[in-house]
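As provided, structure.cif (mmCIF, C-alpha atoms) reads as follows.
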```cif
data_protein
#
loop_
_atom_site.label_atom_id
_atom_site.label_comp_id
_atom_site.auth_asym_id
_atom_site.auth_seq_id
_atom_site.Cartn_x
_atom_site.Cartn_y
_atom_site.Cartn_z
CA PRO A 1 34.25 -15.61 -127.37
CA ARG A 2 36.93 -13.61 -125.64
CA PRO A 3 39.32 -11.51 -127.77
CA ALA A 4 42.58 -13.16 -128.73
CA PRO A 5 45.41 -11.76 -126.60
CA LEU A 6 48.40 -9.95 -128.01
CA SER A 7 51.92 -10.66 -126.86
CA GLY A 8 54.90 -8.38 -126.39
CA SER A 9 54.31 -4.71 -125.69
CA ALA A 10 50.66 -5.05 -126.66
CA LEU A 11 49.76 -7.05 -123.56
CA GLU A 12 48.49 -3.96 -121.76
CA ARG A 13 46.49 -2.68 -124.72
CA PRO A 14 43.07 -3.77 -126.10
CA ALA A 15 43.24 -7.12 -127.87
CA LEU A 16 41.79 -7.96 -131.26
CA ALA A 17 38.13 -8.94 -131.17
CA GLY A 18 36.34 -11.35 -133.49
CA ALA A 19 35.54 -15.04 -133.78
CA GLN A 20 36.99 -15.77 -137.24
CA PRO A 21 40.48 -17.34 -137.32
CA GLY A 22 41.92 -15.01 -139.94
CA LEU A 23 42.77 -11.47 -140.92
CA ARG A 24 43.39 -9.36 -143.99
CA VAL A 25 46.58 -7.42 -144.70
CA ASP A 26 46.35 -4.10 -146.58
CA PRO A 27 42.74 -4.30 -147.78
CA GLY A 28 42.08 -1.69 -150.47
CA LEU A 29 39.22 -0.02 -152.28
CA GLY A 30 39.09 0.20 -156.06
CA ARG A 31 41.21 2.78 -157.84
CA ASP A 32 38.06 4.88 -158.26
CA GLY A 33 37.49 4.78 -154.52
CA SER A 34 34.44 2.52 -154.90
CA GLY A 35 33.10 1.17 -151.67
CA GLY A 36 30.80 -1.64 -150.67
CA PRO A 37 31.54 -5.35 -150.63
CA LYS A 38 32.38 -5.58 -154.32
CA GLY A 39 34.68 -2.57 -154.48
CA CYS A 40 36.45 -3.52 -151.28
CA TRP A 41 36.96 -7.24 -151.70
CA ALA A 42 37.65 -7.30 -155.42
CA ALA A 43 40.31 -4.60 -155.26
CA ALA A 44 42.31 -6.04 -152.38
CA GLU A 45 45.61 -7.58 -153.45
CA PRO A 46 45.03 -11.35 -153.90
CA ALA A 47 48.36 -12.15 -152.26
CA GLN A 48 47.26 -10.44 -149.09
CA ARG A 49 44.39 -12.83 -148.32
CA VAL A 50 45.31 -14.78 -145.21
CA TRP A 51 43.33 -17.98 -144.52
CA SER A 52 39.89 -16.53 -143.97
CA PRO A 53 37.31 -14.72 -146.12
CA ARG A 54 35.81 -13.09 -142.99
CA PRO A 55 38.60 -11.44 -141.01
CA PRO A 56 38.34 -10.20 -137.43
CA ALA A 57 40.95 -7.57 -138.24
CA ALA A 58 41.93 -5.35 -141.16
CA VAL A 59 45.68 -4.95 -140.76
CA ASN A 60 47.55 -2.16 -142.56
CA THR A 61 51.30 -2.03 -143.16
CA HIS A 62 51.22 1.79 -143.46
CA CYS A 63 49.16 4.79 -144.52
CA HIS A 64 48.96 4.35 -148.29
CA ALA A 65 49.16 7.31 -150.68
CA ASP A 66 47.94 5.73 -153.92
CA HIS A 67 44.68 4.11 -152.84
CA ILE A 68 42.17 4.21 -150.00
CA THR A 69 42.32 1.46 -147.41
CA GLY A 70 39.33 -0.85 -147.21
CA SER A 71 39.52 -0.92 -143.40
CA GLY A 72 36.63 1.50 -142.95
CA VAL A 73 34.35 -0.45 -145.29
CA LEU A 74 35.26 -3.77 -143.68
CA ARG A 75 34.44 -2.37 -140.23
CA SER A 76 31.03 -1.28 -141.48
CA LEU A 77 30.30 -4.63 -143.16
CA LEU A 78 31.65 -7.07 -140.58
CA PRO A 79 30.56 -6.65 -136.97
CA GLY A 80 33.55 -6.94 -134.70
CA CYS A 81 36.11 -6.25 -137.42
CA GLN A 82 38.87 -3.99 -136.10
CA SER A 83 41.35 -1.85 -137.99
CA VAL A 84 45.04 -2.09 -137.11
CA ILE A 85 47.96 0.20 -138.00
CA SER A 86 51.24 1.35 -136.52
CA ARG A 87 51.04 4.04 -133.87
CA LEU A 88 53.81 5.90 -135.67
CA SER A 89 51.62 6.28 -138.76
CA GLY A 90 49.54 8.89 -136.95
CA ALA A 91 46.41 7.38 -138.52
CA GLN A 92 43.20 6.51 -136.70
CA ALA A 93 42.54 2.83 -135.99
CA ASP A 94 40.89 0.57 -133.44
CA LEU A 95 44.29 -0.77 -132.43
CA HIS A 96 47.70 0.85 -132.73
CA ILE A 97 50.65 -1.52 -132.82
CA GLU A 98 54.37 -1.13 -132.26
CA ASP A 99 57.57 -2.94 -133.18
CA GLY A 100 57.59 -6.39 -131.58
CA ASP A 101 53.83 -6.73 -131.14
CA SER A 102 52.33 -10.07 -132.17
CA ILE A 103 48.83 -10.30 -133.67
CA ARG A 104 47.32 -13.71 -133.02
CA PHE A 105 44.68 -15.29 -135.25
CA GLY A 106 43.66 -18.90 -134.78
CA ARG A 107 46.83 -20.94 -134.25
CA PHE A 108 48.94 -18.42 -136.16
CA ALA A 109 50.44 -15.05 -135.33
CA LEU A 110 51.97 -12.13 -137.19
CA GLU A 111 55.05 -10.52 -135.71
CA THR A 112 55.25 -6.75 -136.22
CA ARG A 113 58.61 -5.48 -137.45
CA ALA A 114 59.00 -1.73 -137.80
CA SER A 115 60.36 -1.02 -141.31
CA PRO A 116 60.21 2.76 -141.75
CA GLY A 117 61.63 4.70 -144.66
CA HIS A 118 58.84 4.73 -147.22
CA THR A 119 56.84 6.34 -144.41
CA PRO A 120 57.75 6.66 -140.71
CA GLY A 121 54.94 4.27 -139.77
CA CYS A 122 55.68 1.37 -142.11
CA VAL A 123 55.73 -2.12 -140.64
CA THR A 124 56.36 -5.59 -142.02
CA PHE A 125 54.23 -8.47 -140.74
CA VAL A 126 56.08 -11.80 -140.41
CA LEU A 127 54.27 -15.10 -139.87
CA ASN A 128 55.34 -16.72 -136.61
CA ASP A 129 57.18 -19.57 -138.35
CA HIS A 130 59.05 -17.06 -140.56
CA SER A 131 57.65 -18.67 -143.73
CA MET A 132 55.96 -15.48 -144.98
CA ALA A 133 56.49 -11.73 -144.73
CA PHE A 134 53.99 -9.05 -145.73
CA THR A 135 56.26 -6.14 -146.52
CA GLY A 136 53.84 -3.41 -147.57
CA ASP A 137 55.70 -0.85 -149.70
CA ALA A 138 59.03 -1.16 -147.88
CA LEU A 139 60.20 -4.07 -150.03
CA LEU A 140 58.62 -4.70 -153.42
CA ILE A 141 59.46 -7.42 -155.92
CA ARG A 142 62.73 -6.22 -157.48
CA GLY A 143 62.11 -2.76 -156.08
CA CYS A 144 61.04 -0.74 -153.04
CA GLY A 145 58.69 2.03 -152.07
CA ARG A 146 59.56 5.61 -152.95
CA THR A 147 60.93 7.91 -150.27
CA ASP A 148 60.25 11.38 -151.65
CA PHE A 149 57.01 12.16 -149.78
CA GLN A 150 55.18 11.36 -146.51
CA GLN A 151 58.37 12.01 -144.50
CA GLY A 152 60.21 9.25 -146.35
CA CYS A 153 63.94 8.66 -145.93
CA ALA A 154 66.01 6.53 -148.31
CA LYS A 155 68.76 5.78 -145.79
CA THR A 156 66.21 4.68 -143.19
CA LEU A 157 64.45 2.45 -145.71
CA TYR A 158 67.72 0.80 -146.74
CA HIS A 159 68.60 -0.10 -143.16
CA SER A 160 65.02 -1.22 -142.40
CA VAL A 161 64.99 -3.71 -145.26
CA HIS A 162 68.49 -5.04 -144.55
CA LYS A 163 67.99 -5.36 -140.79
CA LYS A 164 64.32 -6.34 -140.50
CA ILE A 165 63.56 -8.26 -143.72
CA PHE A 166 66.81 -9.53 -145.27
CA THR A 167 67.68 -11.18 -141.94
CA LEU A 168 64.75 -13.58 -142.38
CA PRO A 169 65.36 -17.08 -143.82
CA GLY A 170 66.13 -17.06 -147.54
CA ASN A 171 63.08 -19.19 -148.37
CA CYS A 172 60.70 -16.85 -146.53
CA LEU A 173 58.00 -15.79 -149.01
CA VAL A 174 57.72 -12.04 -149.60
CA TYR A 175 54.27 -10.60 -150.30
CA PRO A 176 54.40 -6.86 -151.07
CA ALA A 177 51.39 -4.56 -151.01
CA HIS A 178 51.79 -3.72 -154.71
CA ASP A 179 53.23 -5.05 -157.91
CA TYR A 180 52.76 -3.39 -161.29
CA HIS A 181 54.13 -6.25 -163.40
CA GLY A 182 51.75 -9.08 -162.53
CA HIS A 183 53.92 -10.71 -159.86
CA THR A 184 52.50 -11.68 -156.48
CA VAL A 185 55.31 -13.27 -154.49
CA SER A 186 59.09 -13.40 -154.18
CA THR A 187 61.49 -14.71 -151.53
CA VAL A 188 63.92 -13.07 -149.18
CA GLU A 189 66.85 -14.74 -150.96
CA GLU A 190 65.70 -13.53 -154.38
CA GLU A 191 65.40 -9.94 -153.19
CA ARG A 192 68.66 -10.12 -151.23
CA THR A 193 70.53 -11.14 -154.37
CA LEU A 194 68.49 -9.80 -157.30
CA ASN A 195 66.82 -6.57 -156.17
CA PRO A 196 68.51 -3.93 -158.35
CA ARG A 197 68.18 -1.19 -155.74
CA LEU A 198 68.73 -2.98 -152.47
CA THR A 199 71.83 -4.88 -153.61
CA LEU A 200 73.58 -1.51 -153.90
CA SER A 201 75.57 0.08 -151.10
CA CYS A 202 73.62 2.41 -148.86
CA GLU A 203 75.25 5.45 -150.44
CA GLU A 204 74.45 4.27 -153.98
CA PHE A 205 70.89 3.44 -152.94
CA VAL A 206 70.33 6.93 -151.54
CA LYS A 207 71.60 8.49 -154.78
CA VAL A 208 69.23 6.35 -156.87
CA MET A 209 66.23 7.14 -154.67
CA ASP A 210 67.02 10.87 -154.63
CA ASN A 211 67.03 10.98 -158.43
CA LEU A 212 63.95 8.95 -159.38
CA ASN A 213 61.97 12.09 -160.25
CA LEU A 214 58.66 10.23 -160.03
CA PRO A 215 55.33 12.00 -160.64
CA LYS A 216 53.05 12.71 -157.72
CA PRO A 217 50.66 9.78 -157.03
CA GLN A 218 47.32 10.55 -158.64
CA GLN A 219 45.28 9.59 -155.59
CA ILE A 220 47.48 11.15 -152.90
CA ASP A 221 45.29 14.19 -152.14
CA ILE A 222 42.28 11.91 -151.64
CA ALA A 223 43.91 8.77 -150.28
CA VAL A 224 46.12 10.16 -147.53
CA PRO A 225 43.43 12.23 -145.74
CA ALA A 226 40.99 9.31 -145.99
CA ASN A 227 43.57 6.78 -144.78
CA MET A 228 44.42 8.97 -141.81
CA ARG A 229 40.76 8.46 -140.86
CA CYS A 230 40.82 4.67 -141.31
CA GLY A 231 39.58 4.89 -144.90
CA VAL A 232 36.63 7.17 -144.17
CA GLN A 233 36.30 9.42 -147.22
CA THR A 234 33.92 12.01 -145.78
CA PRO A 235 35.13 13.92 -142.69
CA PRO A 236 32.76 13.74 -139.71
CA SER A 237 30.42 16.73 -139.50
#
```

Would you encode the structure as structure tokens?
Amino acid sequence: PRPAPLSGSALERPALAGAQPGLRVDPGLGRDGSGGPKGCWAAAEPAQRVWSPRPPAAVNTHCHADHITGSGVLRSLLPGCQSVISRLSGAQADLHIEDGDSIRFGRFALETRASPGHTPGCVTFVLNDHSMAFTGDALLIRGCGRTDFQQGCAKTLYHSVHKKIFTLPGNCLVYPAHDYHGHTVSTVEEERTLNPRLTLSCEEFVKVMDNLNLPKPQQIDIAVPANMRCGVQTPPS
């Protein structure tokens, strides 16, 4: 079968290959970096599974700092699987996307919305009917991603969330890349009205983010270099 075409600015770039009508957003390896089918599939966030257990594409919202992406393992396990990430992330991938690109799978599509701030290359993927948004670490449930490393910027993140995510319909489901309290889904309206950080003014938000004093992510020195190479943990010889 021919690759599914991309719309928008991606029309002139290579399209996604693969016969399966699905994809996987932010696949991840286990916290110990375990690979293989078990480590990769079991550790991926359950909320990020999108319609198919065999995806033609492993789609990343950004270059993660606290775990290693499963994109590299998926590419080795599933012939034709392609890795996808924003061009602005600077990371290696089979396909680099930009704001406005649409990734088609089956009869669905994900719209790419640039949502930098946590990192310069963060994107949010919005289902074409605006019923779901996969926000990565830009917008979490009652929180947001930190902005004190990886060229983060609190002011940029605030405007990204308010302009690119909070403008979606209130009943749009929000699936973040992480949640540390057992939650898997929220809505745009809930986060617009109840998120304790993002209901602040921009100035107040920046002050809060600048004074979080969070510890360095334990996996950052391993995860970031690997994720810049599409999840490959050993540099090529």

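Closest approach to A:Asp148 among A:Arg197, A:Lys164, A:Lys216, A:Arg113: A:Lys216, based on only C-alpha atoms.
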
Need to verify the contact set: A:Cys202, 12 Å, all atoms listed in the file, exclusion of same-chain residues closer than 2 positions in sequence. Can you return it as a ChimeraX atom specification? /A:153-162,197-200,204-209

Residues picked by the PyMOL selection byres ((chain A and resi 71-81) around 6) here, as a compact mmCIF listing (two decimals) with C-alpha atoms, in the coordinates of the input?
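The resulting out_24.txt:
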```txt
# COMPACT_ATOMS: atom_id res chain seq x y z
CA GLY A 18 36.34 -11.35 -133.49
CA PRO A 56 38.34 -10.20 -137.43
CA ALA A 57 40.95 -7.57 -138.24
CA ALA A 58 41.93 -5.35 -141.16
CA THR A 69 42.32 1.46 -147.41
CA GLY A 70 39.33 -0.85 -147.21
CA GLN A 82 38.87 -3.99 -136.10
CA SER A 83 41.35 -1.85 -137.99
CA CYS A 230 40.82 4.67 -141.31
CA GLY A 231 39.58 4.89 -144.90
CA VAL A 232 36.63 7.17 -144.17
```

Nearest to A:Glu189: which of A:Asn171, A:Asn211, A:Ser131, A:Thr147 is it, counting all atoms listed in the file? A:Asn171

When distances are computed from only C-alpha atoms, which of A:Ala223, A:Leu29, A:Val59, A:Arg192 shows the smallest separation from A:Leu95? A:Val59

Applying the PyMOL selection byres ((chain A and resi 226) around 10) to the file I just gave you, which residues come out? Please list them as a PyMOL selection string. chain A and resi 63-65+67-69+72+91-92+220-225+227-235

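Here atom CA of A:Phe149 is placed at a distance of 19.4 Å from atom CA of A:Asp179.
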
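Within the 10 Å cut-off around A:Ser86, using all atoms listed in the file and omitting residues fewer than 6 positions from it on the same chain, the listed residues are Val59, Asn60, Thr61, His62, Cys63, Gln92, Ala93, Leu95, His96, Ile97, Glu98, Asp99, Thr112, Ala114, Pro120, Gly121, Cys122 and Val123 of chain A.
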
Taking the file as shown, what set of residues would the PyMOL selection byres ((chain A and resi 130) around 10) give back, as a PyMOL selection string? chain A and resi 110-111+125-129+131-133+168-173

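Atom CA of A:Ala177 sits 6.7 Å away from atom CA of A:Asp26.
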
Any idea what the distance is between atom CA of A:Ile165 and atom CA of A:Ser115? 8.3 Å
